[in-house]
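Next up, protein.txt (compact mmCIF, C-alpha atoms and all ligand atoms):
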# COMPACT_ATOMS: atom_id res chain seq x y z
CA MET A 1 7.60 136.90 17.68
CA THR A 2 8.26 140.43 16.46
CA PRO A 3 8.07 140.55 12.65
CA ASN A 4 11.29 141.30 10.80
CA PRO A 5 10.94 144.85 9.40
CA PHE A 6 13.58 144.58 6.66
CA LYS A 7 12.46 143.93 3.09
CA PRO A 8 15.06 142.30 0.86
CA THR A 9 12.59 141.87 -2.00
CA ALA A 10 12.65 143.51 -5.44
CA GLY A 11 10.21 146.41 -5.72
CA LYS A 12 9.17 146.19 -2.05
CA ARG A 13 9.07 149.46 -0.14
CA PRO A 14 11.82 149.45 2.52
CA PRO A 15 11.04 150.46 6.14
CA VAL A 16 13.02 153.66 5.57
CA LEU A 17 13.64 155.00 2.08
CA ILE A 18 17.18 156.14 2.74
CA GLY A 19 19.03 158.87 0.90
CA ARG A 20 16.48 159.72 -1.81
CA GLU A 21 15.16 162.99 -0.38
CA ALA A 22 16.77 165.12 -3.08
CA VAL A 23 15.13 163.26 -5.96
CA ILE A 24 11.77 163.24 -4.23
CA GLU A 25 12.00 166.97 -3.55
CA ASP A 26 13.00 167.78 -7.14
CA PHE A 27 10.06 165.81 -8.47
CA ALA A 28 7.58 167.29 -6.00
CA GLU A 29 8.80 170.78 -6.88
CA GLY A 30 8.43 169.90 -10.53
CA LEU A 31 4.76 169.08 -9.98
CA ASP A 32 4.13 172.15 -7.83
CA ASN A 33 5.94 174.66 -10.02
CA GLY A 34 3.61 174.42 -12.98
CA ALA A 35 4.06 173.75 -16.68
CA GLY A 36 7.64 173.55 -17.89
CA ALA A 37 9.18 172.83 -14.45
CA PRO A 38 12.29 170.68 -14.82
CA GLY A 39 11.42 167.89 -12.34
CA ARG A 40 8.57 166.76 -14.59
CA LEU A 41 10.92 165.00 -16.97
CA MET A 42 13.25 162.63 -15.20
CA PHE A 43 15.44 159.60 -15.73
CA LEU A 44 16.20 157.34 -12.79
CA THR A 45 19.08 155.05 -13.56
CA GLY A 46 21.31 152.69 -11.69
CA ASN A 47 22.40 149.12 -11.53
CA ARG A 48 20.29 146.19 -10.38
CA GLY A 49 18.84 146.54 -6.92
CA CYS A 50 19.78 150.18 -6.38
CA GLY A 51 16.15 151.11 -5.72
CA LYS A 52 14.72 152.40 -9.01
CA THR A 53 11.35 150.65 -8.78
CA VAL A 54 10.81 151.62 -5.16
CA LEU A 55 11.66 155.26 -5.85
CA LEU A 56 9.50 155.34 -8.97
CA ARG A 57 6.57 154.10 -6.88
CA GLU A 58 7.22 156.80 -4.31
CA LEU A 59 7.05 159.44 -7.06
CA GLN A 60 3.79 157.89 -8.26
CA ARG A 61 2.43 158.14 -4.75
CA LEU A 62 3.37 161.81 -4.56
CA ALA A 63 1.72 162.58 -7.88
CA SER A 64 -1.39 160.71 -6.96
CA GLU A 65 -1.58 162.53 -3.61
CA ARG A 66 -1.57 165.79 -5.54
CA GLY A 67 -4.52 164.70 -7.61
CA TRP A 68 -2.57 163.68 -10.70
CA VAL A 69 -3.55 160.72 -12.85
CA VAL A 70 -0.81 158.09 -12.67
CA ILE A 71 -0.23 155.62 -15.44
CA SER A 72 2.57 153.19 -14.80
CA ASP A 73 4.08 150.52 -16.93
CA SER A 74 6.95 148.16 -17.02
CA ALA A 75 8.22 148.67 -20.51
CA SER A 76 8.50 146.26 -23.35
CA LEU A 77 7.41 146.46 -26.96
CA GLY A 78 3.93 147.87 -27.36
CA LEU A 79 4.45 150.44 -24.64
CA CYS A 80 2.59 153.26 -26.39
CA ASP A 81 -0.36 151.00 -27.18
CA ARG A 82 -0.70 149.96 -23.59
CA LEU A 83 -0.48 153.55 -22.38
CA ALA A 84 -3.20 154.50 -24.86
CA ASP A 85 -5.39 151.64 -23.58
CA ALA A 86 -4.87 152.84 -20.05
CA LEU A 87 -5.94 156.36 -21.00
CA ARG A 88 -9.02 155.11 -22.82
CA SER A 89 -10.09 152.83 -20.00
CA ASN A 90 -10.23 155.73 -17.54
CA ARG A 91 -8.69 153.59 -14.85
CA PRO A 92 -6.55 155.74 -12.59
CA THR A 93 -3.52 153.48 -12.53
CA VAL A 94 -2.46 150.64 -14.72
CA THR A 95 0.47 148.47 -13.89
CA SER A 96 1.58 146.03 -16.48
CA VAL A 97 3.94 143.29 -15.46
CA GLU A 98 4.91 142.41 -18.98
CA LEU A 99 8.64 142.29 -18.83
CA GLY A 100 11.17 141.08 -21.25
CA PRO A 101 13.56 141.96 -23.95
CA SER A 102 12.73 144.27 -26.78
CA PHE A 103 11.55 142.26 -29.75
CA GLY A 104 13.27 144.16 -32.46
CA ARG A 105 12.90 147.75 -33.53
CA MET A 106 9.78 149.46 -34.67
CA SER A 107 10.02 151.96 -37.50
CA VAL A 108 10.32 155.62 -36.53
CA GLU A 109 7.11 156.34 -38.46
CA ALA A 110 5.17 153.64 -36.63
CA ALA A 111 6.34 155.01 -33.28
CA ARG A 112 5.46 158.57 -34.35
CA ALA A 113 1.95 157.47 -35.34
CA LYS A 114 1.46 155.84 -31.96
CA GLY A 115 2.78 158.95 -30.24
CA GLU A 116 0.33 161.09 -32.22
CA ALA A 117 -2.59 158.86 -31.20
CA LEU A 118 -1.52 159.15 -27.58
CA ARG A 119 -1.38 162.93 -27.89
CA GLY A 120 -5.09 163.14 -28.69
CA LEU A 121 -5.97 160.85 -25.80
CA VAL A 122 -3.73 162.73 -23.37
CA ASN A 123 -5.19 166.10 -24.31
CA GLU A 124 -8.71 164.79 -23.94
CA ARG A 125 -7.96 163.37 -20.53
CA LEU A 126 -6.22 166.57 -19.42
CA LYS A 127 -9.34 168.59 -20.21
CA LYS A 128 -11.16 166.68 -17.48
CA LEU A 129 -8.57 167.54 -14.83
CA GLY A 130 -8.52 170.54 -12.53
CA PRO A 131 -6.14 173.47 -13.00
CA GLY A 132 -2.48 172.64 -12.37
CA LYS A 133 -3.11 168.88 -12.42
CA GLY A 134 -1.80 166.43 -14.93
CA ILE A 135 -0.87 162.93 -15.94
CA LEU A 136 2.26 161.11 -14.85
CA PHE A 137 3.65 158.36 -17.05
CA ALA A 138 5.94 156.25 -14.88
CA ILE A 139 7.88 153.80 -17.01
CA ASP A 140 9.92 151.13 -15.26
CA GLU A 141 12.49 148.83 -16.90
CA ALA A 142 12.79 151.38 -19.69
CA GLN A 143 15.87 149.62 -21.10
CA SER A 144 13.49 146.89 -22.34
CA ALA A 145 11.34 149.30 -24.34
CA SER A 146 12.13 150.15 -27.93
CA ILE A 147 14.08 153.36 -28.25
CA GLU A 148 11.57 154.55 -30.85
CA GLU A 149 8.71 154.29 -28.39
CA LEU A 150 10.60 156.05 -25.63
CA ALA A 151 11.52 158.77 -28.10
CA ALA A 152 7.86 159.01 -29.16
CA LEU A 153 6.90 159.60 -25.53
CA ALA A 154 9.55 162.28 -25.20
CA VAL A 155 8.20 164.02 -28.30
CA LEU A 156 4.69 163.71 -26.89
CA TYR A 157 5.90 165.44 -23.72
CA GLN A 158 7.04 168.45 -25.73
CA GLN A 159 3.90 168.54 -27.84
CA VAL A 160 1.62 168.51 -24.83
CA LEU A 161 3.59 171.41 -23.36
CA GLY A 162 2.96 173.30 -26.60
CA ASP A 163 -0.72 172.34 -26.67
CA GLN A 164 -1.14 173.64 -23.14
CA ASP A 165 0.66 176.88 -23.95
CA ALA A 166 -1.79 177.34 -26.79
CA THR A 167 -4.67 177.40 -24.29
CA GLY A 168 -3.41 180.80 -23.10
CA LEU A 169 -3.77 179.77 -19.46
CA LEU A 170 -1.19 180.79 -16.85
CA ASP A 171 1.57 178.22 -16.29
CA VAL A 172 0.23 177.29 -12.85
CA GLU A 173 -3.21 176.61 -14.31
CA GLN A 174 -2.11 174.65 -17.34
CA ARG A 175 -2.60 170.90 -17.18
CA GLY A 176 0.61 168.99 -17.45
CA LEU A 177 2.38 165.83 -18.33
CA ALA A 178 5.19 164.34 -16.25
CA LEU A 179 7.40 161.60 -17.58
CA VAL A 180 9.70 159.48 -15.45
CA PHE A 181 11.76 156.69 -16.97
CA ALA A 182 13.53 154.21 -14.70
CA GLY A 183 16.04 151.77 -16.09
CA LEU A 184 19.56 150.47 -16.33
CA PRO A 185 22.16 153.12 -17.21
CA SER A 186 22.61 151.96 -20.80
CA MET A 187 18.98 153.01 -21.45
CA VAL A 188 19.81 156.67 -20.98
CA ASP A 189 22.92 156.45 -23.15
CA ASP A 190 20.93 154.88 -25.97
CA LEU A 191 18.06 157.32 -25.70
CA LEU A 192 20.30 160.37 -25.56
CA GLU A 193 22.04 159.26 -28.72
CA GLU A 194 18.73 159.29 -30.57
CA PRO A 195 18.92 162.31 -32.89
CA SER A 196 15.16 163.06 -32.84
CA VAL A 197 15.13 163.78 -29.12
CA THR A 198 18.26 165.77 -28.38
CA PHE A 199 16.21 168.00 -26.07
CA LEU A 200 16.13 165.05 -23.67
CA ARG A 201 19.71 165.88 -22.75
CA ARG A 202 18.23 168.61 -20.63
CA ALA A 203 16.01 166.20 -18.69
CA GLN A 204 16.93 165.59 -15.07
CA GLN A 205 19.10 162.55 -14.81
CA ARG A 206 19.37 160.93 -11.40
CA THR A 207 21.81 158.10 -10.95
CA LEU A 208 20.96 156.10 -7.87
CA GLY A 209 24.32 155.28 -6.39
CA SER A 210 25.26 154.01 -2.99
CA ILE A 211 23.86 155.64 0.14
CA PRO A 212 26.28 157.34 2.58
CA LEU A 213 27.05 154.96 5.45
CA PRO A 214 26.06 157.33 8.31
CA GLU A 215 22.57 157.53 6.81
CA VAL A 216 22.43 153.75 6.56
CA ARG A 217 23.57 153.43 10.19
CA ASP A 218 20.88 155.83 11.40
CA ALA A 219 18.21 154.03 9.37
CA PHE A 220 19.27 150.70 10.90
CA ILE A 221 18.94 152.15 14.40
CA GLN A 222 15.56 153.70 13.66
CA THR A 223 14.13 150.65 11.88
CA VAL A 224 15.22 148.25 14.58
CA GLN A 225 13.86 150.47 17.35
CA ASP A 226 10.55 151.09 15.64
CA ALA A 227 10.09 147.36 15.20
CA GLY A 228 10.78 146.56 18.84
CA LEU A 229 14.43 145.46 19.19
CA CYS A 230 17.59 147.42 20.06
CA VAL A 231 20.87 147.99 18.31
CA ASP A 232 23.67 150.29 19.47
CA ALA A 233 25.47 152.77 17.22
CA LYS A 234 28.63 150.67 16.99
CA THR A 235 26.78 147.56 15.84
CA ALA A 236 24.67 149.61 13.44
CA SER A 237 27.88 151.10 11.98
CA LEU A 238 29.30 147.62 11.47
CA ALA A 239 26.10 146.63 9.66
CA ALA A 240 26.19 149.79 7.54
CA HIS A 241 29.77 149.00 6.62
CA LYS A 242 28.81 145.46 5.55
CA SER A 243 26.00 146.84 3.39
CA MET A 244 28.42 149.06 1.45
CA GLY A 245 25.52 151.50 1.19
CA HIS A 246 23.89 149.40 -1.53
CA PRO A 247 20.10 149.58 -1.00
CA TYR A 248 19.40 145.91 -1.60
CA MET A 249 22.34 144.87 0.57
CA VAL A 250 21.06 147.22 3.31
CA GLN A 251 17.85 145.19 3.42
CA LEU A 252 19.69 141.87 3.30
CA VAL A 253 22.13 142.74 6.09
CA GLY A 254 19.27 144.15 8.18
CA TYR A 255 17.09 141.12 7.60
CA TYR A 256 19.71 138.55 8.54
CA MET A 257 21.10 140.37 11.58
CA TRP A 258 17.54 140.67 12.87
CA ARG A 259 16.92 136.99 12.20
CA SER A 260 20.08 135.98 14.04
CA ALA A 261 19.10 137.97 17.14
CA ALA A 262 15.51 136.68 16.97
CA ARG A 263 16.75 133.09 16.85
CA ARG A 264 18.78 133.69 19.99
CA ASP A 265 15.65 135.13 21.59
CA SER A 266 17.60 138.32 22.18
CA GLU A 267 16.08 141.77 22.13
CA ILE A 268 19.45 143.27 21.34
CA ILE A 269 21.15 142.93 17.99
CA GLU A 270 24.86 142.44 18.61
CA PRO A 271 27.94 142.47 16.37
CA ARG A 272 27.88 138.66 16.33
CA ASP A 273 24.39 138.84 14.74
CA VAL A 274 25.71 141.08 11.99
CA GLU A 275 28.60 138.68 11.41
CA ALA A 276 26.39 135.60 11.55
CA GLY A 277 23.87 137.07 9.10
CA ASN A 278 26.44 138.41 6.70
CA LYS A 279 27.16 135.09 5.03
CA ASP A 280 23.51 134.66 4.03
CA ALA A 281 23.28 138.30 2.96
CA VAL A 282 26.31 137.96 0.72
CA SER A 283 25.19 134.76 -0.91
CA GLU A 284 21.76 136.21 -1.66
CA PHE A 285 23.36 139.30 -3.09
CA TYR A 286 25.55 137.10 -5.30
CA GLU A 287 22.48 135.28 -6.57
CA ALA A 288 20.26 138.31 -7.07
CA VAL A 289 22.71 140.89 -8.40
CA ASP A 290 26.14 139.54 -9.35
CA ALA A 291 25.16 136.25 -10.98
CA PRO A 292 22.49 137.64 -13.35
CA LEU A 293 24.83 140.44 -14.32
CA TYR A 294 27.76 138.09 -14.94
CA TYR A 295 25.70 135.63 -16.99
CA GLY A 296 24.06 138.48 -18.90
CA LEU A 297 27.43 139.55 -20.31
CA ARG A 298 28.95 138.32 -23.55
CA SER A 299 31.70 135.74 -23.21
CA PRO A 300 34.63 138.08 -24.06
CA GLN A 301 33.30 140.52 -21.47
CA ARG A 302 33.22 137.71 -18.94
CA LEU A 303 36.77 136.75 -19.81
CA PHE A 304 37.82 140.35 -19.24
CA ILE A 305 36.27 140.63 -15.79
CA GLU A 306 37.47 137.18 -14.76
CA ALA A 307 40.98 138.44 -15.41
CA MET A 308 40.19 141.50 -13.25
CA ALA A 309 38.86 139.38 -10.38
CA VAL A 310 42.33 137.98 -9.79
CA ASP A 311 43.31 141.29 -8.17
CA VAL A 312 41.99 141.39 -4.64
CA GLY A 313 41.14 144.79 -3.19
CA LYS A 314 42.92 146.87 -5.79
CA PRO A 315 42.33 148.13 -9.35
CA THR A 316 43.52 146.06 -12.29
CA ARG A 317 46.01 147.14 -14.94
CA VAL A 318 44.55 146.74 -18.40
CA ALA A 319 48.00 145.49 -19.42
CA ASP A 320 47.55 142.60 -16.96
CA VAL A 321 44.16 141.77 -18.46
CA ILE A 322 45.82 141.53 -21.86
CA ASP A 323 48.49 139.20 -20.42
CA ARG A 324 46.11 137.06 -18.43
CA CYS A 325 43.69 136.63 -21.35
CA ASP A 326 46.40 136.39 -23.97
CA ARG A 327 44.58 138.89 -26.18
CA THR A 328 45.54 142.04 -28.10
CA GLN A 329 45.47 145.67 -27.04
CA SER A 330 42.56 146.38 -29.38
CA TRP A 331 40.54 143.46 -27.98
CA ALA A 332 41.07 144.87 -24.50
CA SER A 333 40.14 148.42 -25.53
CA LYS A 334 36.95 147.20 -27.15
CA TYR A 335 35.71 145.23 -24.15
CA ARG A 336 36.98 147.76 -21.64
CA ALA A 337 34.79 150.36 -23.39
CA SER A 338 31.74 148.08 -23.55
CA LEU A 339 32.01 147.17 -19.85
CA ILE A 340 32.37 150.82 -18.88
CA ARG A 341 29.33 151.66 -20.96
CA GLU A 342 27.32 149.00 -19.16
CA ARG A 343 28.60 150.38 -15.82
CA VAL A 344 30.15 147.08 -14.80
CA ILE A 345 33.61 148.60 -14.44
CA GLU A 346 35.08 152.10 -14.40
CA ALA A 347 38.41 153.75 -15.07
CA ALA A 348 40.56 153.97 -11.95
CA GLY A 349 43.42 156.11 -13.19
CA TYR A 350 45.71 155.78 -16.18
CA GLY A 351 45.62 152.24 -17.57
CA LEU A 352 43.61 150.99 -14.59
CA VAL A 353 40.07 149.68 -14.15
CA ARG A 354 37.95 148.55 -11.21
CA PHE A 355 34.51 147.03 -10.62
CA THR A 356 31.55 149.35 -10.02
CA VAL A 357 29.06 146.62 -9.11
CA PRO A 358 29.42 145.63 -5.44
CA MET A 359 31.04 142.27 -4.77
CA LEU A 360 31.33 141.30 -8.41
CA GLY A 361 35.03 140.49 -8.05
CA GLU A 362 34.32 138.45 -4.91
CA TYR A 363 31.48 136.64 -6.66
CA ILE A 364 33.71 135.68 -9.56
CA ARG A 365 36.43 134.50 -7.19
CA ASP A 366 34.05 132.57 -4.92
CA CYS A 367 31.63 131.12 -7.43
CA VAL A 368 33.20 131.12 -10.89
CA LEU A 369 36.98 130.80 -10.76
CA TRP A 370 36.82 128.53 -7.75
CA HIS A 371 35.02 125.88 -9.81
CA GLU A 372 37.48 125.97 -12.65
N1 LIG B 401 16.42 154.11 -0.67
C1 LIG B 401 16.39 152.89 -0.17
N2 LIG B 401 16.68 152.65 1.14
C2 LIG B 401 16.65 151.41 1.65
N3 LIG B 401 16.33 150.32 0.95
C3 LIG B 401 16.00 150.46 -0.35
C4 LIG B 401 16.03 151.76 -0.97
N4 LIG B 401 15.69 151.62 -2.27
C5 LIG B 401 15.46 150.31 -2.45
N5 LIG B 401 15.65 149.60 -1.32
C6 LIG B 401 15.52 148.13 -1.20
O1 LIG B 401 16.41 147.59 -2.18
C7 LIG B 401 15.82 146.48 -2.85
C8 LIG B 401 15.79 146.72 -4.35
O2 LIG B 401 14.90 147.80 -4.68
P1 LIG B 401 14.25 147.93 -6.13
O3 LIG B 401 13.54 146.68 -6.49
O4 LIG B 401 13.50 149.19 -6.16
O5 LIG B 401 15.57 148.07 -7.03
P2 LIG B 401 15.66 148.24 -8.62
O6 LIG B 401 16.72 149.23 -8.88
O7 LIG B 401 14.31 148.48 -9.18
O8 LIG B 401 16.19 146.80 -9.04
P3 LIG B 401 16.09 146.14 -10.52
O9 LIG B 401 17.10 146.83 -11.38
O10 LIG B 401 16.46 144.70 -10.27
O11 LIG B 401 14.68 146.31 -11.01
C9 LIG B 401 14.46 146.27 -2.20
O12 LIG B 401 14.61 145.28 -1.23
C10 LIG B 401 14.14 147.61 -1.55
O13 LIG B 401 13.34 147.45 -0.41
MG MG B 402 13.19 147.45 -10.56
For the file at hand, write its structure as structure tokens.
Ligand SMILES: Nc1ncnc2c1ncn2[C@@H]1O[C@H](COP(=O)(O)OP(=O)(O)OP(=O)(O)O)[C@@H](O)[C@H]1O
Ligand SMILES: [Mg+2]
Amino acid sequence: MTPNPFKPTAGKRPPVLIGREAVIEDFAEGLDNGAGAPGRLMFLTGNRGCGKTVLLRELQRLASERGWVVISDSASLGLCDRLADALRSNRPTVTSVELGPSFGRMSVEAARAKGEALRGLVNERLKKLGPGKGILFAIDEAQSASIEELAALAVLYQQVLGDQDATGLLDVEQRGLALVFAGLPSMVDDLLEEPSVTFLRRAQQRTLGSIPLPEVRDAFIQTVQDAGLCVDAKTASLAAHKSMGHPYMVQLVGYYMWRSAARRDSEIIEPRDVEAGNKDAVSEFYEAVDAPLYYGLRSPQRLFIEAMAVDVGKPTRVADVIDRCDRTQSWASKYRASLIRERVIEAAGYGLVRFTVPMLGEYIRDCVLWHE
């Protein structure tokens, strides 16, 4: 049996990393262009499953290929301490799997002190590196870190730039620091509101949105061919359409269409395989993306989007939400704003809103309202 090449698994490198060339190029240029290059300070944001972890790993790979030290972490409280440990231990890469919510806020002074300790360690480590090389801090799940610690890292970034300038070396010879944060969109909003680090507004912000469908179609064709089956352009387009260009859904649709063809012992993936696999793909997407998001919201937010889910295939009037929920205008404005901030919904014209997360409305209709 030919192994299924698609990878619908969080953090797992897909067979083709579709549509991320621009980010990769910006980062690579940042490393190659010497101290102060913009791509060295980057935020990768996007909703669940849009490919942040996978892309962050790709950037780590690039840095490591260029002889940079890579220190990666999945953020939670104690981030700076763990980074300091990693620097002390001299291990090239450290990946912590400690995940979880932020356990309260640390004082600004405490975070500063930790940042200052890191600065000494970073500078010491940089001295041992060749000209033009540096250290990459790759921080995943940054929304779980304390804002104070993220801000301390941002300050550290600036200080190290200054320390390197003070060496009097040319920019291309200076040792550097690169800082990439990956996290949910609210992380960037929170961090950018932090007054101590306004310079971060000039960092490169990359929102990982959906991938254009022609690119998805071509990747389907290539992946299937490379792995030993066939799919024609029309079938691949149908599959791309079903995926909506969402990276996780791309892997799910690919995985289940492949499985369907394999179960028929066919070497050709046909439209019926895409259709047959789609049901499984959708229900896994519901479970992995829509359900955690829905249950992670506060109950008034849920009420708001349940009222939106009534409208099939069209935006919702905020006035209808007010009617359907029997709430006031100010209640609606408050939760409309909070849902927009969390990138669950977006404005769709005057007085209108729509979902930004794929299939959230369908999920609510199929799995929540249906049971009521
Ligand atoms: N550019 C891409 N092209 C094709 N598939 C991708 C791409 N990026 C990610 N994927 C696939 O999408 C899925 C989710 O990727 P990943 O775990 O990196 O997302 P994430 O944004 O980190 O999710 P979370 O917010 O849950 O941590 C994986 O199955 C991965 O293989
Ligand atoms: Mg991730």
message: Please report the interatomic distance between atom CA of Ser210 of chain A and atom CA of Leu17 of chain A in Å with one decimal.
response: 12.7 Å
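Minimum distance to ligand LIG 401 (chain B) across A:Ala22, A:Val312, A:Cys80, A:Leu161 (counting all atoms listed in the file) occurs at A:Ala22.
You can rank A:Glu346, A:Ala35, A:Glu194, A:Leu129 by their closest distance to Asp163 of chain A using all atoms listed in the file, and at the top of that list sits A:Ala35.
Listed by chain and then residue number, the contacts of ligand LIG 401 (chain B) are Lys7, Pro8, Thr9, Ala10, Gly11, Lys12, Arg13, Pro14, Val16, Leu17, Ile18, Gly19, Arg20, Asn47, Arg48, Gly49, Cys50, Gly51, Lys52, Thr53, Val54, Pro247, Tyr248 and Gln251 of chain A (distance at most 6 Å, using all atoms listed in the file).
The shortest atom-to-atom distance to Pro271 of chain A, with only C-alpha atoms taken into account, belongs to A:Ser237 out of A:Ser333, A:Ser74, A:Gln222, A:Ser237.
When only C-alpha atoms and all ligand atoms are used to compute distances to ligand MG 402 (chain B), the closest of the residues A:Glu141, A:Glu124, A:Asp290, A:Glu116 turns out to be A:Glu141.
Straight-line separation from atom CA of Gly134 of chain A to atom CA of Glu21 of chain A: 22.6 Å.
Minimum atom-to-atom distance to Met187 of chain A, evaluated using only C-alpha atoms, belongs to A:Gly46 out of A:Gly296, A:Gly46, A:Gly228, A:Gly162.
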message: Using Å and a single decimal, report how far atom CA of Glu25 of chain A sits from atom CA of Gly67 of chain A.
response: 17.2 Å
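Between ligand MG 402 (chain B) and the residues A:Asp311, A:Glu287, A:Asp73, A:Asp81, the shortest atom-to-atom distance, using all atoms listed in the file, involves A:Asp73.
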message: With only C-alpha atoms as the counted atoms, please give the residues lying no more than 8 Å from Arg354 of chain A, apart from itself and same-chain residues fewer than 2 positions off, as a PyMOL selection string.
response: chain A and resi 308+314-316+345-348+352+356
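When the distance limit is 10 Å and all atoms listed in the file are what count, the residues near Ala63 of chain A, minus those fewer than 2 positions from it on the same chain, are Phe27, Ala28, Leu31, Asp32, Arg57, Glu58, Leu59, Gln60, Arg61, Glu65, Arg66, Gly67, Trp68, Val69, Val70, Lys133, Gly134, Ile135, Leu136 and Ala178 of chain A.
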task: Tell me, as an MDAnalysis selection string, which residues lie within 10 Å of Phe285 of chain A, counting all atoms listed in the file; anything in the same chain fewer than 4 positions away does not count.
output: chainID A and resid 8 49 248:249 252:253 279:281 289:291 358:360 363
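Residues in contact with Leu83 of chain A at 9 Å, where only C-alpha atoms are counted and same-chain residues fewer than 2 positions away are skipped, are listed as A:Ile71, A:Ser72, A:Asp73, A:Gly78, A:Leu79, A:Cys80, A:Asp81, A:Asp85, A:Ala86, A:Leu87, A:Arg88, A:Val94, A:Leu118, A:Phe137.
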With C-alpha atoms retained, output segment 276-294 of chain A as a tab-separated table (two decimals), in the first residue's frame.
chain	number	residue	atom	x	y	z
A	276	ALA	CA	-16.68	10.70	0.04
A	277	GLY	CA	-13.77	12.02	2.10
A	278	ASN	CA	-15.25	15.43	2.67
A	279	LYS	CA	-17.63	14.36	5.42
A	280	ASP	CA	-14.75	13.04	7.55
A	281	ALA	CA	-12.64	16.10	6.76
A	282	VAL	CA	-15.40	18.45	7.85
A	283	SER	CA	-16.14	16.63	11.07
A	284	GLU	CA	-12.47	16.59	12.03
A	285	PHE	CA	-12.20	20.26	11.25
A	286	TYR	CA	-15.23	20.92	13.46
A	287	GLU	CA	-13.58	19.02	16.30
A	288	ALA	CA	-10.10	20.47	15.93
A	289	VAL	CA	-10.82	24.10	15.06
A	290	ASP	CA	-14.46	25.17	15.46
A	291	ALA	CA	-15.37	23.36	18.67
A	292	PRO	CA	-12.37	24.52	20.76
A	293	LEU	CA	-12.89	28.05	19.52
A	294	TYR	CA	-16.62	28.01	20.28
